[in-house]
Structure formats: C-alpha cells, structure tokens
Amino acid sequence: MNAESQRAQGLRDDLRTLYQEIILDHGKHPRNFRVVEHHTCKAQGNNPMCGDRVTVTAKVDRGTIADIAFEGKGCAISIASASMMTDALKGQSLDTARKLADAVRDVCTGKDAPAEMEPYLGKLAALSGVRQFPVRVKCATLPWHALLSCLDGPPAEGGQIKTPAEGGQIKKPEATTEK
C-alpha cells in the first residue's frame with residue numbers, strides 16, 4: 001500500500017470512528033426528546049421493516065423553525081438522526097430546513113451534498129457512514145421524511161397537523177383554481 005492509499009485509509013477510519021461516536025452519543029442521549037408545546041405542525045414517521053417510529057413536532061413562526069423536537073422509539077441511528085436534526089434546525093428558515101433534508105438524504109445515499117449546504121451539515125455529515133449499510137439509510141432518513149411531512153402537511157384545527165393515527169392525513173393540500 002503506497003503512502004496516498006494509507007492516508008486515504010486513515011481518513012476513512014477517522015470518519016468511521018467519528019460516525020460511531022456521534023451516533024452513539026445522540027442515540028444514548030438524544031437532544032430535544034419531547035413534544036413542542038403549542039406546536040404548529042406534527043407528523044409521524046414509521047418504518048415497519050425495523051420498527052422505528054418517530055414523531056416530529058415543530059413551532060414555525062414567520063417562516064422560521066422557532067422550536068422543534070421529537071419522540072419515538074427505534075434504533076440508535078434513527079434516534080441519533082432525529083436528535084441531530086432537531087439541534088441543526090432550531091432557528092433555521094423553512095427553506096434551509098428543506099434543503100438540509102435533501103442534503104442529508106444525499107450524504108446518506110452516497111451523493112455529495114450541494115456546496116451551499118456544507119456549512120449547515122456539521123455533525124450531520126457523520127450520517128454519511130450509513131451509506132456503507134444500505135438497509136440503515138431508511139433509519140437515518142426517517143426523521144427527515146417526518147420533518148418534511150410536518151412542514152408540508154395541511155394544518156388541522158388550532159394550526160396543528162393531525163397524523164393518520166389522529167384521524168388526519170399527511171399530504172400536501174391540493175391546489176385550487178379560482179373561477
């Protein structure tokens with residue numbers, strides 16, 4: 001093995017170690033594990049293949065995520081991803097949140113995140129380690145799908161989105177045309 005190959009292997013090993021440390025920390029000690037009081041949106045994500053369930057609640061004020069949290073049960077990757085997501089998105093605009101969700105999906109599936117999103121990724125870049133385990137990509141992206149459903153879902157009474165379990169549907173409102 002030449003010096004360049006050894007250096008590349010060392011970087012991969014460092015990233016793998018960092019990935020494991022961050023995932024374990026957030027998986028064992030999740031941040032923002034609660035329901036947001038007076039949330040303006042709520043959505044649940046469920047992966048029946050492995051049993052992961054995540055409910056995201058957020059309070060959006062004037063196009064900014066004022067508060068965001070989650071509850072759920074699942075593997076360390078799913079819980080860690082939700083925890084890191086809530087840390088990264090507090091105070092961010094809805095546009096940034098959607099772009100960051102796309103960037104996380106990209107790094108989890110082996111694509112490069114857009115350069116404009118790299119400053120926002122921070123610790124989320126550690127989720128790139130799941131690309132080595134394709135079955136775990138769904139675990140890492142589940143909270144992000146729930147986030148997008150939360151932000152894009154139709155508001156229910158009191159400004160809250162009802163999940164299917166609460167008798168609602170998670171889908172974008174249909175466009176209407178004026179006559």
# chains A, B, ... in the order shown; residues from 1 in each chain; ligands from 1
call {"tool": "residues_around", "arguments": {"residues": "Ala58 in chain A", "least_positions_apart": "4", "cutoff": "7 Å", "atoms": "only C-alpha atoms", "output": "list in words"}}
result
Val36, His39, Thr40, Cys41, Lys42, Ile65, Asp67, Ile68 and Ala69 of chain A
call {"tool": "residues_around", "arguments": {"residues": "Arg53 in chain A", "least_positions_apart": "4", "cutoff": "6 Å", "atoms": "only C-alpha atoms", "output": "VMD selection string"}}
result
chain A and resid 45 to 46 72 to 73
call {"tool": "residues_around", "arguments": {"residues": "range 49-52 of chain A", "least_positions_apart": "5", "cutoff": "9 Å", "atoms": "only C-alpha atoms", "output": "ChimeraX atom specification"}}
result
/A:72-75,78-79,139,142
call {"tool": "residues_around", "arguments": {"residues": "range 122-125 of chain A", "least_positions_apart": "6", "cutoff": "12 Å", "atoms": "only C-alpha atoms", "output": "PyMOL selection string"}}
result
chain A and resi 15-16+18-23+25-26+77+80-89+100-101+103-113+131+140-141+144
call {"tool": "write_last_selection", "arguments": {"atoms": "N, CA and C atoms", "output": "CSV table (one decimal), in the first residue's frame"}}
result
chain,number,residue,atom,x,y,z
A,15,LEU,N,-13.2,8.9,9.9
A,15,LEU,CA,-14.6,9.2,9.7
A,15,LEU,C,-15.5,8.2,10.3
A,16,ARG,N,-15.1,6.9,10.2
A,16,ARG,CA,-15.9,5.8,10.8
A,16,ARG,C,-15.9,5.9,12.3
A,18,LEU,N,-15.5,8.8,14.1
A,18,LEU,CA,-16.3,9.9,14.3
A,18,LEU,C,-17.8,9.6,14.2
A,19,TYR,N,-18.2,8.9,13.1
A,19,TYR,CA,-19.5,8.5,12.9
A,19,TYR,C,-20.0,7.7,14.1
A,20,GLN,N,-19.3,6.7,14.5
A,20,GLN,CA,-19.7,5.9,15.6
A,20,GLN,C,-19.9,6.7,16.9
A,21,GLU,N,-18.9,7.6,17.2
A,21,GLU,CA,-19.0,8.4,18.4
A,21,GLU,C,-20.2,9.3,18.4
A,22,ILE,N,-20.5,10.0,17.3
A,22,ILE,CA,-21.6,10.9,17.3
A,22,ILE,C,-22.9,10.1,17.3
A,23,ILE,N,-23.0,9.1,16.6
A,23,ILE,CA,-24.3,8.3,16.6
A,23,ILE,C,-24.5,7.7,18.0
A,25,ASP,N,-23.5,8.9,20.9
A,25,ASP,CA,-23.8,9.9,21.8
A,25,ASP,C,-25.2,10.4,21.7
A,26,HIS,N,-25.6,10.7,20.5
A,26,HIS,CA,-27.0,11.2,20.2
A,26,HIS,C,-28.0,10.0,20.4
A,77,ILE,N,-29.4,4.7,15.2
A,77,ILE,CA,-29.2,5.6,14.1
A,77,ILE,C,-30.5,6.4,13.9
A,80,ALA,N,-30.6,9.0,16.8
A,80,ALA,CA,-29.5,9.9,16.7
A,80,ALA,C,-29.7,10.9,15.5
A,81,SER,N,-30.2,10.4,14.4
A,81,SER,CA,-30.5,11.3,13.3
A,81,SER,C,-31.6,12.3,13.7
A,82,ALA,N,-32.6,11.9,14.4
A,82,ALA,CA,-33.7,12.8,14.9
A,82,ALA,C,-33.1,13.8,15.8
A,83,SER,N,-32.3,13.4,16.7
A,83,SER,CA,-31.7,14.3,17.7
A,83,SER,C,-30.8,15.3,17.0
A,84,MET,N,-29.9,14.9,16.1
A,84,MET,CA,-29.1,15.8,15.4
A,84,MET,C,-29.9,16.8,14.5
A,85,MET,N,-31.0,16.3,13.9
A,85,MET,CA,-31.8,17.1,13.1
A,85,MET,C,-32.4,18.2,13.9
A,86,THR,N,-32.9,17.9,15.1
A,86,THR,CA,-33.6,19.0,15.9
A,86,THR,C,-32.5,20.0,16.3
A,87,ASP,N,-31.3,19.6,16.7
A,87,ASP,CA,-30.2,20.5,17.0
A,87,ASP,C,-29.9,21.4,15.8
A,88,ALA,N,-29.8,20.9,14.6
A,88,ALA,CA,-29.4,21.6,13.5
A,88,ALA,C,-30.5,22.6,13.0
A,89,LEU,N,-31.8,22.3,13.2
A,89,LEU,CA,-32.8,23.1,12.6
A,89,LEU,C,-33.4,24.2,13.4
A,100,LEU,N,-31.6,21.3,3.8
A,100,LEU,CA,-30.8,20.4,4.6
A,100,LEU,C,-31.3,19.0,4.6
A,101,ALA,N,-32.6,18.8,4.6
A,101,ALA,CA,-33.2,17.5,4.5
A,101,ALA,C,-32.7,16.8,3.2
A,103,ALA,N,-30.0,17.5,1.6
A,103,ALA,CA,-28.5,17.3,1.7
A,103,ALA,C,-28.2,16.0,2.6
A,104,VAL,N,-29.0,15.9,3.6
A,104,VAL,CA,-28.8,14.7,4.5
A,104,VAL,C,-29.1,13.4,3.7
A,105,ARG,N,-30.2,13.4,2.9
A,105,ARG,CA,-30.5,12.3,2.1
A,105,ARG,C,-29.4,12.0,1.2
A,106,ASP,N,-28.8,13.0,0.6
A,106,ASP,CA,-27.7,12.8,-0.4
A,106,ASP,C,-26.5,12.2,0.3
A,107,VAL,N,-26.1,12.7,1.5
A,107,VAL,CA,-24.9,12.1,2.1
A,107,VAL,C,-25.2,10.7,2.6
A,108,CYS,N,-26.4,10.4,3.0
A,108,CYS,CA,-26.7,9.1,3.4
A,108,CYS,C,-26.7,8.1,2.3
A,109,THR,N,-27.0,8.5,1.1
A,109,THR,CA,-27.1,7.6,-0.1
A,109,THR,C,-25.9,7.7,-1.0
A,110,GLY,N,-24.8,8.3,-0.5
A,110,GLY,CA,-23.5,8.3,-1.2
A,110,GLY,C,-23.3,9.4,-2.2
A,111,LYS,N,-24.2,10.4,-2.3
A,111,LYS,CA,-24.1,11.6,-3.1
A,111,LYS,C,-23.4,12.7,-2.4
A,112,ASP,N,-22.9,13.6,-3.1
A,112,ASP,CA,-22.3,14.8,-2.5
A,112,ASP,C,-23.4,15.8,-2.2
A,113,ALA,N,-23.4,16.4,-1.0
A,113,ALA,CA,-24.3,17.5,-0.7
A,113,ALA,C,-24.0,18.7,-1.5
A,131,ARG,N,-24.2,5.0,4.5
A,131,ARG,CA,-24.1,4.6,3.1
A,131,ARG,C,-23.5,3.2,2.9
A,140,ALA,N,-31.8,6.4,9.1
A,140,ALA,CA,-31.2,7.7,9.2
A,140,ALA,C,-32.1,8.8,8.6
A,141,THR,N,-32.8,8.4,7.5
A,141,THR,CA,-33.6,9.4,6.8
A,141,THR,C,-35.1,9.5,7.3
A,144,TRP,N,-36.2,12.8,8.9
A,144,TRP,CA,-36.2,13.9,7.9
A,144,TRP,C,-37.4,13.8,7.0
call {"tool": "closest_residue", "arguments": {"among": "A:Met117, A:Asn2, A:Lys90, A:Glu37", "to": "Asp102 in chain A", "atoms": "only C-alpha atoms"}}
result
A:Met117
call {"tool": "decode", "arguments": {"residues": "range 6-72 of chain A", "atoms": "C-alpha atoms", "output": "mmCIF file, in the first residue's frame"}}
result
data_model
loop_
_atom_site.group_PDB
_atom_site.id
_atom_site.type_symbol
_atom_site.label_atom_id
_atom_site.label_comp_id
_atom_site.auth_asym_id
_atom_site.auth_seq_id
_atom_site.Cartn_x
_atom_site.Cartn_y
_atom_site.Cartn_z
ATOM 1 C CA GLN A 6 -2.540 4.679 3.584
ATOM 2 C CA ARG A 7 -3.553 8.316 4.094
ATOM 3 C CA ALA A 8 -6.954 7.699 2.446
ATOM 4 C CA GLN A 9 -7.485 4.604 4.610
ATOM 5 C CA GLY A 10 -6.598 6.632 7.709
ATOM 6 C CA LEU A 11 -9.173 9.293 6.787
ATOM 7 C CA ARG A 12 -11.844 6.612 6.266
ATOM 8 C CA ASP A 13 -11.010 5.099 9.649
ATOM 9 C CA ASP A 14 -11.185 8.537 11.317
ATOM 10 C CA LEU A 15 -14.580 9.233 9.712
ATOM 11 C CA ARG A 16 -15.859 5.806 10.776
ATOM 12 C CA THR A 17 -14.741 6.469 14.371
ATOM 13 C CA LEU A 18 -16.322 9.938 14.339
ATOM 14 C CA TYR A 19 -19.530 8.467 12.896
ATOM 15 C CA GLN A 20 -19.698 5.869 15.647
ATOM 16 C CA GLU A 21 -19.001 8.393 18.433
ATOM 17 C CA ILE A 22 -21.619 10.900 17.277
ATOM 18 C CA ILE A 23 -24.272 8.278 16.583
ATOM 19 C CA LEU A 24 -23.698 6.625 19.960
ATOM 20 C CA ASP A 25 -23.770 9.944 21.824
ATOM 21 C CA HIS A 26 -27.008 11.161 20.218
ATOM 22 C CA GLY A 27 -28.532 7.676 20.329
ATOM 23 C CA LYS A 28 -27.896 7.267 24.062
ATOM 24 C CA HIS A 29 -28.507 10.920 24.999
ATOM 25 C CA PRO A 30 -30.999 12.323 22.490
ATOM 26 C CA ARG A 31 -31.489 16.071 22.451
ATOM 27 C CA ASN A 32 -34.946 17.640 22.196
ATOM 28 C CA PHE A 33 -36.734 14.395 23.073
ATOM 29 C CA ARG A 34 -40.145 15.843 23.910
ATOM 30 C CA VAL A 35 -43.275 17.354 22.346
ATOM 31 C CA VAL A 36 -43.110 21.047 21.418
ATOM 32 C CA GLU A 37 -45.748 22.949 23.371
ATOM 33 C CA HIS A 38 -48.196 24.808 21.127
ATOM 34 C CA HIS A 39 -46.677 23.182 18.035
ATOM 35 C CA THR A 40 -47.886 24.362 14.651
ATOM 36 C CA CYS A 41 -47.126 21.072 12.899
ATOM 37 C CA LYS A 42 -46.783 17.429 13.741
ATOM 38 C CA ALA A 43 -46.077 14.297 11.718
ATOM 39 C CA GLN A 44 -45.163 10.714 12.396
ATOM 40 C CA GLY A 45 -42.704 8.559 10.510
ATOM 41 C CA ASN A 46 -42.846 4.791 10.712
ATOM 42 C CA ASN A 47 -40.541 2.135 9.306
ATOM 43 C CA PRO A 48 -42.373 -1.179 9.770
ATOM 44 C CA MET A 49 -39.372 -3.144 8.458
ATOM 45 C CA CYS A 50 -37.330 -2.401 11.578
ATOM 46 C CA GLY A 51 -39.868 -0.901 13.983
ATOM 47 C CA ASP A 52 -38.560 2.676 14.029
ATOM 48 C CA ARG A 53 -41.260 5.240 14.899
ATOM 49 C CA VAL A 54 -40.571 8.970 15.116
ATOM 50 C CA THR A 55 -42.995 11.820 15.751
ATOM 51 C CA VAL A 56 -41.726 15.310 14.933
ATOM 52 C CA THR A 57 -43.367 18.423 16.367
ATOM 53 C CA ALA A 58 -42.351 21.959 15.485
ATOM 54 C CA LYS A 59 -43.379 25.510 16.111
ATOM 55 C CA VAL A 60 -42.965 27.610 12.991
ATOM 56 C CA ASP A 61 -43.112 31.367 13.336
ATOM 57 C CA ARG A 62 -42.848 33.687 10.317
ATOM 58 C CA GLY A 63 -41.068 31.132 8.153
ATOM 59 C CA THR A 64 -38.568 30.106 10.840
ATOM 60 C CA ILE A 65 -38.439 26.977 12.970
ATOM 61 C CA ALA A 66 -38.702 28.514 16.433
ATOM 62 C CA ASP A 67 -38.691 25.134 18.192
ATOM 63 C CA ILE A 68 -38.513 21.518 17.093
ATOM 64 C CA ALA A 69 -38.475 18.229 18.964
ATOM 65 C CA PHE A 70 -39.215 14.551 18.516
ATOM 66 C CA GLU A 71 -40.426 11.491 20.332
ATOM 67 C CA GLY A 72 -40.159 7.891 19.304
#
